[in-house]
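Structure file run-v3.cif; described as mmCIF, C-alpha atoms.
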data_final
loop_
_atom_site.label_atom_id
_atom_site.label_comp_id
_atom_site.auth_asym_id
_atom_site.auth_seq_id
_atom_site.Cartn_x
_atom_site.Cartn_y
_atom_site.Cartn_z
CA MET L 442 89.84 117.10 66.72
CA SER L 443 86.49 116.16 67.99
CA LYS L 444 84.02 117.06 70.61
CA LYS L 445 83.99 114.71 73.59
CA ILE L 446 80.91 112.56 73.99
CA HIS L 447 79.20 112.40 77.36
CA VAL L 448 78.10 108.85 78.19
CA THR L 449 75.94 107.64 81.07
CA THR L 450 75.96 103.90 81.51
CA SER L 451 75.85 101.15 84.10
CA ILE L 452 79.10 99.35 84.88
CA ASN L 453 78.88 96.38 87.26
CA GLY L 454 75.54 97.70 88.43
CA GLU L 455 76.77 101.20 89.22
CA GLU L 456 75.70 104.22 87.24
CA THR L 457 78.84 105.61 85.63
CA GLU L 458 79.53 108.72 83.57
CA TYR L 459 82.50 109.48 81.36
CA LEU L 460 83.64 111.63 78.46
CA CYS L 461 85.09 109.86 75.43
CA GLU L 462 86.32 110.49 71.90
CA PRO L 463 84.33 108.99 68.98
CA TYR L 464 87.07 106.42 68.25
CA ASP L 465 87.65 105.38 71.88
CA THR L 466 86.74 101.77 72.49
CA MET L 467 84.94 100.55 75.58
CA LEU L 468 88.22 98.88 76.55
CA ASP L 469 90.11 102.22 76.31
CA VAL L 470 87.67 103.84 78.68
CA LEU L 471 87.52 100.92 81.11
CA ARG L 472 91.28 100.74 81.43
CA ASN L 473 92.48 104.30 80.96
CA GLN L 474 89.70 106.35 82.51
CA LEU L 475 87.82 104.14 84.92
CA ASN L 476 90.88 102.22 86.19
CA LEU L 477 89.13 98.91 85.53
CA THR L 478 92.29 97.25 84.24
CA GLY L 479 91.13 93.64 84.62
CA SER L 480 90.06 93.54 80.97
CA LYS L 481 93.22 93.23 78.87
CA GLU L 482 94.14 94.50 75.43
CA VAL L 483 95.97 91.81 73.50
CA CYS L 484 94.99 91.37 69.85
CA SER L 485 92.67 94.36 69.23
CA SER L 486 90.92 92.38 66.53
CA GLY L 487 88.42 90.13 68.31
CA ASP L 488 90.49 86.96 68.16
CA CYS L 489 91.81 86.54 71.71
CA GLY L 490 88.94 87.38 74.07
CA ALA L 491 91.19 88.95 76.75
CA CYS L 492 88.99 92.06 76.74
CA SER L 493 85.70 90.13 77.18
CA VAL L 494 82.87 91.93 78.98
CA THR L 495 79.12 91.57 78.83
CA LEU L 496 76.91 94.19 77.21
CA ASN L 497 73.31 93.72 78.38
CA ASP L 498 74.30 90.17 79.42
CA ARG L 499 75.68 89.43 75.96
CA LEU L 500 79.34 88.39 75.77
CA VAL L 501 81.33 90.83 73.58
CA CYS L 502 84.89 92.02 72.99
CA SER L 503 85.25 95.46 74.58
CA CYS L 504 88.00 96.25 72.05
CA LEU L 505 85.42 95.95 69.25
CA MET L 506 82.86 98.22 70.84
CA LEU L 507 82.94 102.01 70.92
CA ALA L 508 82.73 103.59 74.35
CA ALA L 509 80.00 105.86 72.98
CA GLU L 510 77.81 102.82 72.29
CA ALA L 511 77.48 102.11 76.01
CA GLU L 512 75.03 104.98 76.50
CA GLY L 513 72.06 103.65 78.46
CA GLN L 514 73.35 100.07 78.39
CA GLU L 515 74.59 97.66 81.06
CA ILE L 516 78.22 96.62 81.07
CA ARG L 517 79.71 93.96 83.33
CA THR L 518 83.44 93.38 83.69
CA ILE L 519 85.67 90.99 85.63
CA GLU L 520 85.73 93.56 88.46
CA GLY L 521 82.04 92.87 89.04
CA MET L 522 82.44 89.13 89.40
CA THR L 523 83.06 88.77 93.14
CA GLU L 524 79.98 88.81 95.33
CA ASN L 525 80.32 90.74 98.63
CA GLY L 526 84.07 90.30 98.52
CA ASN L 527 83.83 86.54 97.96
CA PHE L 528 85.13 84.78 94.90
CA HIS L 529 82.60 83.63 92.34
CA VAL L 530 82.60 79.83 92.19
CA LEU L 531 84.38 80.02 88.81
CA GLN L 532 87.20 82.10 90.30
CA GLN L 533 87.53 79.60 93.17
CA LYS L 534 87.64 76.65 90.78
CA PHE L 535 90.22 78.34 88.54
CA LEU L 536 92.45 78.62 91.64
CA GLU L 537 91.82 75.06 92.80
CA HIS L 538 92.49 73.60 89.36
CA ALA L 539 95.49 75.84 88.66
CA ALA L 540 93.67 76.96 85.53
CA LEU L 541 95.99 79.89 84.97
CA GLN L 542 99.67 80.61 84.65
CA CYS L 543 100.61 84.08 83.41
CA GLY L 544 97.05 85.31 84.01
CA ILE L 545 96.61 87.61 81.02
CA CYS L 546 93.77 85.58 79.52
CA THR L 547 92.17 84.78 82.88
CA PRO L 548 89.79 87.76 83.29
CA GLY L 549 88.44 87.17 79.78
CA MET L 550 88.19 83.42 80.39
CA LEU L 551 86.23 83.99 83.59
CA VAL L 552 83.86 86.53 82.06
CA ALA L 553 83.24 84.22 79.08
CA ALA L 554 82.81 81.13 81.28
CA LYS L 555 80.36 82.99 83.51
CA ALA L 556 78.34 84.06 80.46
CA LEU L 557 78.18 80.40 79.43
CA LEU L 558 77.07 79.11 82.85
CA ASP L 559 74.49 81.90 83.17
CA LYS L 560 72.96 80.73 79.90
CA ASN L 561 73.60 77.00 80.25
CA PRO L 562 74.43 75.80 83.80
CA SER L 563 75.25 72.24 82.61
CA PRO L 564 77.35 72.50 79.47
CA THR L 565 79.06 69.44 78.02
CA GLU L 566 82.82 69.49 77.62
CA THR L 567 82.35 70.09 73.89
CA GLU L 568 80.04 73.02 74.58
CA ILE L 569 82.59 74.51 76.98
CA ARG L 570 85.39 74.15 74.44
CA PHE L 571 83.35 75.69 71.63
CA TRP L 572 82.14 78.54 73.84
CA LEU L 573 85.70 79.35 74.96
CA ALA L 574 87.11 79.11 71.41
CA GLY L 575 87.24 82.90 71.37
CA ASN L 576 89.52 83.04 74.41
CA LEU L 577 93.14 82.27 73.68
CA CYS L 578 95.51 80.98 76.36
CA ARG L 579 99.14 80.34 75.50
CA CYS L 580 100.09 78.80 78.86
CA THR L 581 97.71 76.17 80.13
CA GLY L 582 96.84 74.08 77.09
CA TYR L 583 93.18 74.74 78.02
CA ASP L 584 92.57 71.44 79.78
CA LYS L 585 92.75 72.83 83.31
CA ILE L 586 90.49 75.70 82.30
CA VAL L 587 87.89 73.29 80.94
CA ARG L 588 88.12 71.16 84.13
CA ALA L 589 87.67 74.25 86.27
CA VAL L 590 84.56 75.29 84.35
CA GLN L 591 83.17 71.75 84.67
CA ALA L 592 83.83 71.78 88.42
CA ALA L 593 82.12 75.16 88.76
CA SER L 594 79.15 73.86 86.82
CA GLU L 595 78.91 70.84 89.17
CA GLU L 596 79.03 73.05 92.24
CA ILE L 597 76.40 75.42 90.88
CA LYS L 598 74.11 72.46 90.18
CA GLU L 599 74.64 71.01 93.69
CA SER L 600 73.87 74.29 95.42
CA ALA L 601 70.79 74.93 93.27
CA MET E 675 89.86 119.82 59.78
CA THR E 676 86.39 118.49 60.36
CA GLU E 677 85.57 116.99 63.69
CA THR E 678 85.17 113.24 63.89
CA GLN E 679 81.82 112.36 65.30
CA TYR E 680 79.76 109.43 66.54
CA LEU E 681 76.05 109.65 65.74
CA SER E 682 73.31 107.37 66.89
CA PRO E 683 70.08 108.13 64.99
CA LYS E 684 66.78 106.66 66.20
CA THR E 685 64.95 106.48 62.86
CA ILE E 686 65.76 105.30 59.34
CA ASP E 687 65.00 108.75 57.87
CA GLU E 688 67.38 110.39 60.29
CA ALA E 689 70.11 107.84 59.49
CA VAL E 690 69.63 108.18 55.72
CA ASN E 691 69.78 111.95 56.03
CA LEU E 692 72.99 111.87 58.08
CA TYR E 693 74.59 109.29 55.80
CA SER E 694 73.81 111.16 52.59
CA LYS E 695 75.00 114.47 54.08
CA ASN E 696 78.39 112.94 54.91
CA GLN E 697 78.78 110.87 51.74
CA GLY E 698 82.16 109.24 51.44
CA GLN E 699 83.31 110.42 54.86
CA SER E 700 80.96 108.35 56.95
CA LYS E 701 80.72 104.71 57.86
CA ILE E 702 77.74 102.75 59.09
CA LEU E 703 78.36 100.93 62.37
CA ALA E 704 76.38 97.74 63.04
CA GLY E 705 78.22 95.12 65.16
CA GLY E 706 81.57 96.75 64.42
CA THR E 707 83.47 93.46 64.32
CA ASP E 708 84.98 94.37 60.94
CA LEU E 709 84.70 98.17 61.03
CA LEU E 710 86.43 98.74 64.38
CA VAL E 711 89.34 96.49 63.40
CA GLN E 712 89.77 98.57 60.24
CA ILE E 713 89.55 101.84 62.16
CA ARG E 714 91.93 100.75 64.90
CA SER E 715 94.51 99.49 62.42
CA GLY E 716 94.35 102.76 60.49
CA VAL E 717 92.91 101.25 57.30
CA LEU E 718 89.82 103.46 57.64
CA SER E 719 89.37 106.78 59.39
CA PRO E 720 85.81 107.91 58.75
CA GLU E 721 84.89 111.41 59.92
CA THR E 722 81.47 110.26 60.93
CA ILE E 723 80.42 106.96 62.45
CA ILE E 724 76.69 106.32 62.21
CA ASP E 725 75.57 103.67 64.70
CA ILE E 726 72.33 102.17 63.38
CA LYS E 727 71.60 99.77 66.23
CA ASN E 728 69.19 102.13 67.96
CA ILE E 729 66.87 102.04 64.96
CA LYS E 730 63.97 99.67 65.57
CA GLU E 731 63.62 98.21 62.06
CA ILE E 732 67.36 97.52 61.84
CA SER E 733 67.54 95.73 65.18
CA GLU E 734 64.35 93.69 65.28
CA ILE E 735 63.30 90.17 64.37
CA LYS E 736 59.80 89.97 62.91
CA ASN E 737 58.07 86.66 62.36
CA ASN E 738 55.53 87.12 59.56
CA GLY E 739 54.43 83.47 59.75
CA GLU E 740 55.10 80.32 57.67
CA GLY E 741 58.83 80.90 57.46
CA SER E 742 58.57 84.49 56.32
CA PHE E 743 60.72 86.65 58.58
CA THR E 744 61.94 90.22 58.44
CA ILE E 745 65.35 90.31 60.09
CA GLY E 746 67.01 93.62 60.89
CA ALA E 747 70.40 94.09 59.25
CA ALA E 748 72.12 94.55 62.64
CA VAL E 749 70.50 91.66 64.57
CA SER E 750 73.38 89.73 66.16
CA GLY E 751 74.07 86.03 65.65
CA ALA E 752 73.62 85.36 69.37
CA SER E 753 70.23 87.05 69.33
CA LEU E 754 68.99 85.30 66.17
CA GLU E 755 70.11 81.96 67.68
CA GLU E 756 67.65 82.50 70.53
CA ASN E 757 64.73 82.74 68.12
CA GLU E 758 63.46 79.15 68.05
CA GLU E 759 61.07 79.73 65.14
CA PHE E 760 63.80 81.13 62.93
CA LYS E 761 66.00 78.17 63.84
CA ASP E 762 63.22 75.77 62.80
CA TYR E 763 62.54 77.45 59.47
CA TRP E 764 66.03 78.54 58.35
CA PRO E 765 68.62 76.23 59.96
CA GLY E 766 71.04 76.75 57.07
CA VAL E 767 71.04 80.53 57.37
CA LEU E 768 71.48 80.29 61.13
CA GLU E 769 74.31 77.74 60.97
CA ALA E 770 76.12 79.91 58.41
CA LEU E 771 75.79 83.06 60.51
CA ARG E 772 76.80 81.18 63.67
CA LEU E 773 80.05 79.98 62.05
CA ILE E 774 81.37 83.53 62.04
CA GLY E 775 83.93 84.07 64.79
CA SER E 776 83.68 83.30 68.49
CA GLU E 777 80.80 83.79 70.95
CA GLN E 778 82.21 87.27 71.59
CA ILE E 779 81.94 88.07 67.88
CA GLN E 780 78.48 86.47 67.76
CA GLY E 781 77.31 88.93 70.41
CA ARG E 782 77.66 91.67 67.79
CA ALA E 783 78.15 90.26 64.26
CA SER E 784 75.12 90.50 61.97
CA LEU E 785 73.76 89.32 58.61
CA GLY E 786 73.77 92.90 57.34
CA GLY E 787 77.34 93.54 58.41
CA ASN E 788 78.55 90.31 56.86
CA LEU E 789 76.86 91.21 53.57
CA CYS E 790 77.98 94.86 53.46
CA ASN E 791 81.56 94.03 54.45
CA ALA E 792 81.44 92.14 51.14
CA SER E 793 84.18 89.63 51.78
CA PRO E 794 83.86 86.90 49.13
CA ALA E 795 84.26 84.44 52.03
CA GLY E 796 81.49 85.83 54.26
CA ASP E 797 79.76 82.71 55.56
CA SER E 798 76.20 83.96 55.83
CA VAL E 799 76.05 85.35 52.29
CA PRO E 800 75.70 82.07 50.31
CA ALA E 801 73.07 80.94 52.83
CA LEU E 802 71.13 84.19 52.42
CA ILE E 803 71.30 83.84 48.64
CA ALA E 804 70.14 80.21 48.73
CA SER E 805 67.26 81.14 51.03
CA GLY E 806 65.91 83.55 48.42
CA ALA E 807 66.01 86.42 50.91
CA THR E 808 65.80 89.96 49.61
CA ALA E 809 67.39 93.06 51.08
CA ASN E 810 65.54 96.30 51.78
CA VAL E 811 67.76 99.32 51.26
CA GLN E 812 66.88 102.95 51.66
CA GLY E 813 68.43 106.17 50.41
CA PRO E 814 67.33 109.79 50.05
CA ASN E 815 65.50 108.83 46.84
CA GLY E 816 63.47 106.11 48.49
CA LYS E 817 63.45 102.39 49.10
CA ARG E 818 64.62 99.49 46.99
CA ASN E 819 64.21 95.77 47.45
CA LEU E 820 67.02 93.67 45.95
CA PRO E 821 67.71 89.94 45.85
CA VAL E 822 70.74 89.32 48.07
CA GLU E 823 72.71 87.87 45.13
CA GLU E 824 72.63 91.30 43.46
CA ILE E 825 74.30 93.10 46.36
CA HIS E 826 77.92 91.99 46.06
CA ALA E 827 79.96 93.78 43.40
CA GLY E 828 83.42 92.44 44.22
CA PRO E 829 85.75 92.05 47.19
CA GLY E 830 84.81 94.81 49.66
CA LYS E 831 82.33 96.34 47.21
CA THR E 832 78.54 96.35 47.09
CA ASN E 833 75.98 97.64 44.62
CA LEU E 834 74.43 99.89 47.25
CA LYS E 835 74.66 103.53 46.27
CA ASN E 836 76.88 105.84 48.32
CA ASP E 837 73.88 107.19 50.17
CA GLU E 838 71.94 103.97 50.71
CA ILE E 839 71.65 102.00 53.94
CA LEU E 840 70.73 98.34 54.28
CA ILE E 841 67.70 98.14 56.57
CA ASN E 842 66.61 94.50 56.79
CA PHE E 843 66.10 91.21 55.02
CA ASP E 844 62.81 89.66 53.94
CA PHE E 845 62.81 85.86 54.04
CA PRO E 846 60.18 84.28 51.77
CA THR E 847 57.37 82.06 52.99
CA LYS E 848 58.79 78.58 53.39
CA GLU E 849 57.56 76.07 50.80
CA GLN E 850 56.11 72.83 52.14
CA GLY E 851 58.86 70.17 52.27
CA SER E 852 61.75 72.58 51.99
CA ALA E 853 64.91 73.04 54.04
CA ASP E 854 68.30 74.68 53.78
CA ALA E 855 71.84 73.81 54.87
CA TYR E 856 75.27 75.44 54.81
CA LEU E 857 78.72 73.87 55.00
CA ARG E 858 82.12 75.43 54.79
CA MET E 859 85.59 74.00 54.38
CA ILE E 860 88.27 75.26 56.75
CA PRO E 861 91.51 73.52 57.67
CA ARG E 862 90.58 73.49 61.38
CA THR E 863 87.38 73.02 63.36
CA GLU E 864 86.55 76.58 64.46
CA MET E 865 87.44 80.22 64.12
CA ASP E 866 88.68 80.45 60.55
CA ILE E 867 87.80 81.95 57.18
CA ALA E 868 86.07 79.76 54.60
CA VAL E 869 88.16 78.18 51.86
CA VAL E 870 84.87 77.22 50.23
CA GLY E 871 81.30 77.67 51.47
CA CYS E 872 78.20 76.09 49.99
CA ALA E 873 74.51 76.62 50.77
CA VAL E 874 71.64 74.53 49.45
CA ASN E 875 67.94 75.27 49.82
CA ILE E 876 65.76 72.49 48.52
CA THR E 877 62.07 71.62 48.25
CA MET E 878 61.07 67.96 48.10
CA ASP E 879 57.74 66.44 47.15
CA GLU E 880 58.36 62.99 48.64
CA ASP E 881 61.40 61.80 46.64
CA THR E 882 61.20 64.39 43.88
CA CYS E 883 63.02 67.68 44.03
CA ILE E 884 60.60 70.41 43.00
CA ASN E 885 62.67 73.49 43.78
CA ALA E 886 66.29 74.25 44.57
CA ARG E 887 68.74 77.08 45.06
CA VAL E 888 72.48 76.56 45.34
CA ALA E 889 75.05 79.21 46.27
CA LEU E 890 78.82 79.17 46.74
CA GLY E 891 81.14 81.42 48.73
CA ALA E 892 84.91 82.07 48.74
CA VAL E 893 85.36 80.74 45.20
CA ALA E 894 84.87 83.93 43.18
CA PRO E 895 85.08 87.72 43.68
CA THR E 896 81.50 87.56 44.98
CA ALA E 897 79.28 84.86 46.41
CA VAL E 898 77.58 83.12 43.47
CA LEU E 899 74.14 81.69 42.83
CA VAL E 900 74.58 78.52 40.76
CA ASN E 901 71.35 78.39 38.74
CA GLU E 902 72.67 75.65 36.43
CA ALA E 903 73.11 73.25 39.35
CA ALA E 904 69.63 74.01 40.66
CA LYS E 905 68.06 73.49 37.21
CA LEU E 906 69.62 70.03 36.96
CA LEU E 907 68.17 69.02 40.33
CA ILE E 908 64.62 70.25 39.81
CA GLY E 909 62.21 67.59 38.58
CA THR E 910 64.52 64.69 39.42
CA LYS E 911 64.69 62.12 42.18
CA LEU E 912 68.24 63.25 42.92
CA ASP E 913 69.89 60.14 41.53
CA ASN E 914 73.66 59.92 41.77
CA ASP E 915 74.33 60.91 38.17
CA VAL E 916 72.16 64.03 38.56
CA ILE E 917 74.01 64.98 41.74
CA GLU E 918 77.40 64.40 40.07
CA LYS E 919 76.40 66.62 37.14
CA ALA E 920 75.19 69.35 39.48
CA ALA E 921 78.44 69.09 41.47
CA LYS E 922 80.33 69.59 38.22
CA CYS E 923 78.22 72.72 37.61
CA CYS E 924 79.37 74.02 41.00
CA GLU E 925 83.00 73.40 40.09
CA ASP E 926 82.47 75.23 36.79
CA ALA E 927 80.81 78.18 38.53
CA CYS E 928 83.99 78.81 40.53
CA ASN E 929 86.39 81.53 39.59
CA PRO E 930 88.69 81.36 42.60
CA ILE E 931 92.09 82.71 43.49
CA ASN E 932 95.22 80.83 44.52
CA ASP E 933 96.17 81.85 48.02
CA LYS E 934 97.47 80.48 51.30
CA ARG E 935 94.03 79.08 52.11
CA GLY E 936 93.71 76.99 48.97
CA THR E 937 94.65 76.63 45.33
CA ILE E 938 92.28 77.14 42.40
CA PHE E 939 92.25 73.37 41.76
CA TYR E 940 91.50 72.60 45.40
CA ARG E 941 88.75 75.19 45.77
CA LYS E 942 86.96 73.95 42.64
CA ARG E 943 87.18 70.35 43.75
CA VAL E 944 85.96 71.10 47.25
CA SER E 945 83.01 73.15 46.02
CA GLY E 946 81.61 70.06 44.29
CA VAL E 947 82.18 67.94 47.39
CA LEU E 948 80.63 70.47 49.75
CA PHE E 949 77.66 70.85 47.43
CA LYS E 950 76.97 67.12 47.62
CA ARG E 951 77.27 67.07 51.40
CA ALA E 952 75.13 70.20 51.93
CA LEU E 953 72.52 68.81 49.54
CA LYS E 954 72.35 65.60 51.56
CA ILE E 955 71.79 67.52 54.81
CA ALA E 956 69.16 69.78 53.23
CA VAL E 957 67.26 66.80 51.81
CA GLU E 958 67.29 65.02 55.17
CA ARG E 959 65.97 68.14 56.85
CA ALA E 960 63.33 68.65 54.16
CA LYS E 961 61.97 65.13 54.65
CA ARG E 962 61.67 65.53 58.40
#

Show the structure stored in the file as structure tokens.
Amino acid sequence: MSKKIHVTTSINGEETEYLCEPYDTMLDVLRNQLNLTGSKEVCSSGDCGACSVTLNDRLVCSCLMLAAEAEGQEIRTIEGMTENGNFHVLQQKFLEHAALQCGICTPGMLVAAKALLDKNPSPTETEIRFWLAGNLCRCTGYDKIVRAVQAASEEIKESA
Amino acid sequence: MTETQYLSPKTIDEAVNLYSKNQGQSKILAGGTDLLVQIRSGVLSPETIIDIKNIKEISEIKNNGEGSFTIGAAVSGASLEENEEFKDYWPGVLEALRLIGSEQIQGRASLGGNLCNASPAGDSVPALIASGATANVQGPNGKRNLPVEEIHAGPGKTNLKNDEILINFDFPTKEQGSADAYLRMIPRTEMDIAVVGCAVNITMDEDTCINARVALGAVAPTAVLVNEAAKLLIGTKLDNDVIEKAAKCCEDACNPINDKRGTIFYRKRVSGVLFKRALKIAVERAKR
């Protein structure tokens, strides 16, 4: 038994309130209470990256963060990636390059790739591969994902 | 049954008070990359979780000048990476910390968490030991300052008292001509647990070694400071025979286990090899 914790936080730029248990993870609350089911639970141990979100612009696993920790912080999830209903350039490039098959890893891949490009708009292939080492994909063999991120990086540079 | 609770104190005194009141039933939460896995898998079920990240001293990076830094126990790898001065002064500590897990893990994982989790294979621990950093801990009976090498007591165990909290690390003023380096052996290129880790911190006066600290990880129940190897190096020009003798000292300092990651024979052998390679990198950096 425990008393529920009242949390006020910002999720994808919107002030959000919820009640959670001390052991609830951020991922539990996103999926089960807030219906933000884009972030996936796969390994629950920080190995697969399917639950990736950003916490104050820092890439983290939402399965390894308590929901209570979000108080006063800023969370961004895959649901916040489109801009005015339009795909983010990374989402568009993932489609064009067929950088997904079953799709379970895709939200985490996109969130992680966006965090990389926000920090470093022109990563080398090696930098992309190291950055995405925490996102496991069992379908694509990664190559198409890396190409899609490179293409997105090119487009961001051209439009800048 | 007592209620489980999540507490987020704002000051060290408040945290120490909460922690000592709930002795044995509470766990300190820093980045949570080890703790939450243990809680979710049912290995641990603490009644009280004390999140220390809202405490200033535990979450801040302080540059005291000339290589001396005070780094909060819960500062994340990603955040320390962005501190260019720290990167310049302590590349070995930073490269060791940055080897832990993925970018997602780096967003949360900390030097303090890696030390207190007390895995013999924790990557940042040998580098902290080689750097000569000390740990500030605080309990209801006051503060203590301990060399990092005195913190580990065995796998999963530290010498902190039940009511003490690790606050931050003090890095010493950097000696002129000194540099550190860390290398680990894993059977792949990323995202694995060290089979052997080795950190070297060396001070050179032109071609002569005037100070050295060598530490090994994953080859004994705790990370080990290899004083014998350092003693052999000091006062020499690091000729091959000196380096070979020091490498042998590293092998002799190992007390490893046989497991799926490596045999006793292999771990000992590799510790000597890694020592030589880490030494080479540290010397190159020191001469820069």

Starting from the shown file, work through the PyMOL selection byres ((chain E and resi 751) around 8) and note down what comes out as a CSV table (one decimal) with C-alpha atoms, keeping the file's coordinate frame.
chain,number,residue,atom,x,y,z
E,749,VAL,CA,70.5,91.7,64.6
E,750,SER,CA,73.4,89.7,66.2
E,752,ALA,CA,73.6,85.4,69.4
E,753,SER,CA,70.2,87.0,69.3
E,754,LEU,CA,69.0,85.3,66.2
E,755,GLU,CA,70.1,82.0,67.7
E,768,LEU,CA,71.5,80.3,61.1
E,771,LEU,CA,75.8,83.1,60.5
E,772,ARG,CA,76.8,81.2,63.7
E,780,GLN,CA,78.5,86.5,67.8
E,781,GLY,CA,77.3,88.9,70.4
E,782,ARG,CA,77.7,91.7,67.8
E,783,ALA,CA,78.2,90.3,64.3
E,784,SER,CA,75.1,90.5,62.0
E,785,LEU,CA,73.8,89.3,58.6

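Within 7 Å of L:Asn497, once all atoms listed in the file are used and residues closer than 6 positions along the same chain are dropped, the contacting residues are Gln514, Glu515 and Ile516 of chain L.
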
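With all atoms listed in the file as the atoms that count, the residue of E:Phe743, E:Pro683, E:Gly716, E:Ile779 with the shortest distance to L:Met506 is E:Ile779.
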
Could you pull the residues within 9 Å of stretch 450-452 of chain L, counting all atoms listed in the file, minus those fewer than 2 positions along the same chain, as a count of residues only?
16

Please expand the PyMOL selection byres ((chain L) within 9 of (chain E)) into the concrete residues it hits in this file, giving the result as an mmCIF file with C-alpha atoms, keeping the file's coordinate frame.
data_model
loop_
_atom_site.group_PDB
_atom_site.id
_atom_site.type_symbol
_atom_site.label_atom_id
_atom_site.label_comp_id
_atom_site.auth_asym_id
_atom_site.auth_seq_id
_atom_site.Cartn_x
_atom_site.Cartn_y
_atom_site.Cartn_z
ATOM 1 C CA MET L 442 89.840 117.100 66.720
ATOM 2 C CA SER L 443 86.490 116.160 67.990
ATOM 3 C CA LYS L 444 84.020 117.060 70.610
ATOM 4 C CA LYS L 445 83.990 114.710 73.590
ATOM 5 C CA ILE L 446 80.910 112.560 73.990
ATOM 6 C CA GLU L 462 86.320 110.490 71.900
ATOM 7 C CA PRO L 463 84.330 108.990 68.980
ATOM 8 C CA TYR L 464 87.070 106.420 68.250
ATOM 9 C CA THR L 466 86.740 101.770 72.490
ATOM 10 C CA SER L 485 92.670 94.360 69.230
ATOM 11 C CA SER L 486 90.920 92.380 66.530
ATOM 12 C CA GLY L 487 88.420 90.130 68.310
ATOM 13 C CA ASP L 488 90.490 86.960 68.160
ATOM 14 C CA GLY L 490 88.940 87.380 74.070
ATOM 15 C CA SER L 493 85.700 90.130 77.180
ATOM 16 C CA VAL L 494 82.870 91.930 78.980
ATOM 17 C CA THR L 495 79.120 91.570 78.830
ATOM 18 C CA LEU L 496 76.910 94.190 77.210
ATOM 19 C CA ARG L 499 75.680 89.430 75.960
ATOM 20 C CA LEU L 500 79.340 88.390 75.770
ATOM 21 C CA VAL L 501 81.330 90.830 73.580
ATOM 22 C CA CYS L 502 84.890 92.020 72.990
ATOM 23 C CA CYS L 504 88.000 96.250 72.050
ATOM 24 C CA LEU L 505 85.420 95.950 69.250
ATOM 25 C CA MET L 506 82.860 98.220 70.840
ATOM 26 C CA LEU L 507 82.940 102.010 70.920
ATOM 27 C CA ALA L 509 80.000 105.860 72.980
ATOM 28 C CA GLU L 510 77.810 102.820 72.290
ATOM 29 C CA ALA L 553 83.240 84.220 79.080
ATOM 30 C CA PHE L 571 83.350 75.690 71.630
ATOM 31 C CA TRP L 572 82.140 78.540 73.840
ATOM 32 C CA LEU L 573 85.700 79.350 74.960
ATOM 33 C CA ALA L 574 87.110 79.110 71.410
ATOM 34 C CA GLY L 575 87.240 82.900 71.370
ATOM 35 C CA ASN L 576 89.520 83.040 74.410
#

Where does the PyMOL selection byres ((chain E and resi 937-951) around 6) land in this file, that is, which residues does it pick, as a ChimeraX atom specification?
/E:872,921,924-925,930-932,936,952-954

Write out as a PyMOL selection string which residues come within 12 Å of L:Thr547 when counting all atoms listed in the file, dropping same-chain ones fewer than 4 positions away.
chain L and resi 479-481+489-493+519+531-532+535-536+539-543+551-555+573+576-581+583+585-586+589

How would you write as a VMD selection string the residues that get within 8 Å of (64.2, 80.3, 57.6) in the file's frame, counting all atoms listed in the file?
chain E and resid 741 to 743 760 to 767 805 845 848 854

Nearest to E:Ile732: which of E:Thr896, E:Gln699, E:Ser694, E:Thr744 is it, counting only C-alpha atoms?
E:Thr744

Atom CA of E:Ala889 sits from atom CA of E:Glu902 at a separation of 10.7 Å

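Checking E:Ile917, E:Ala804, E:Ala809, E:Ala894 one by one against E:Ala747, counting all atoms listed in the file, you find the shortest gap at E:Ala809.
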
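Computed from the coordinates, the atom CA of E:Lys835 to atom CA of E:Asn791 distance equals 14.3 Å.
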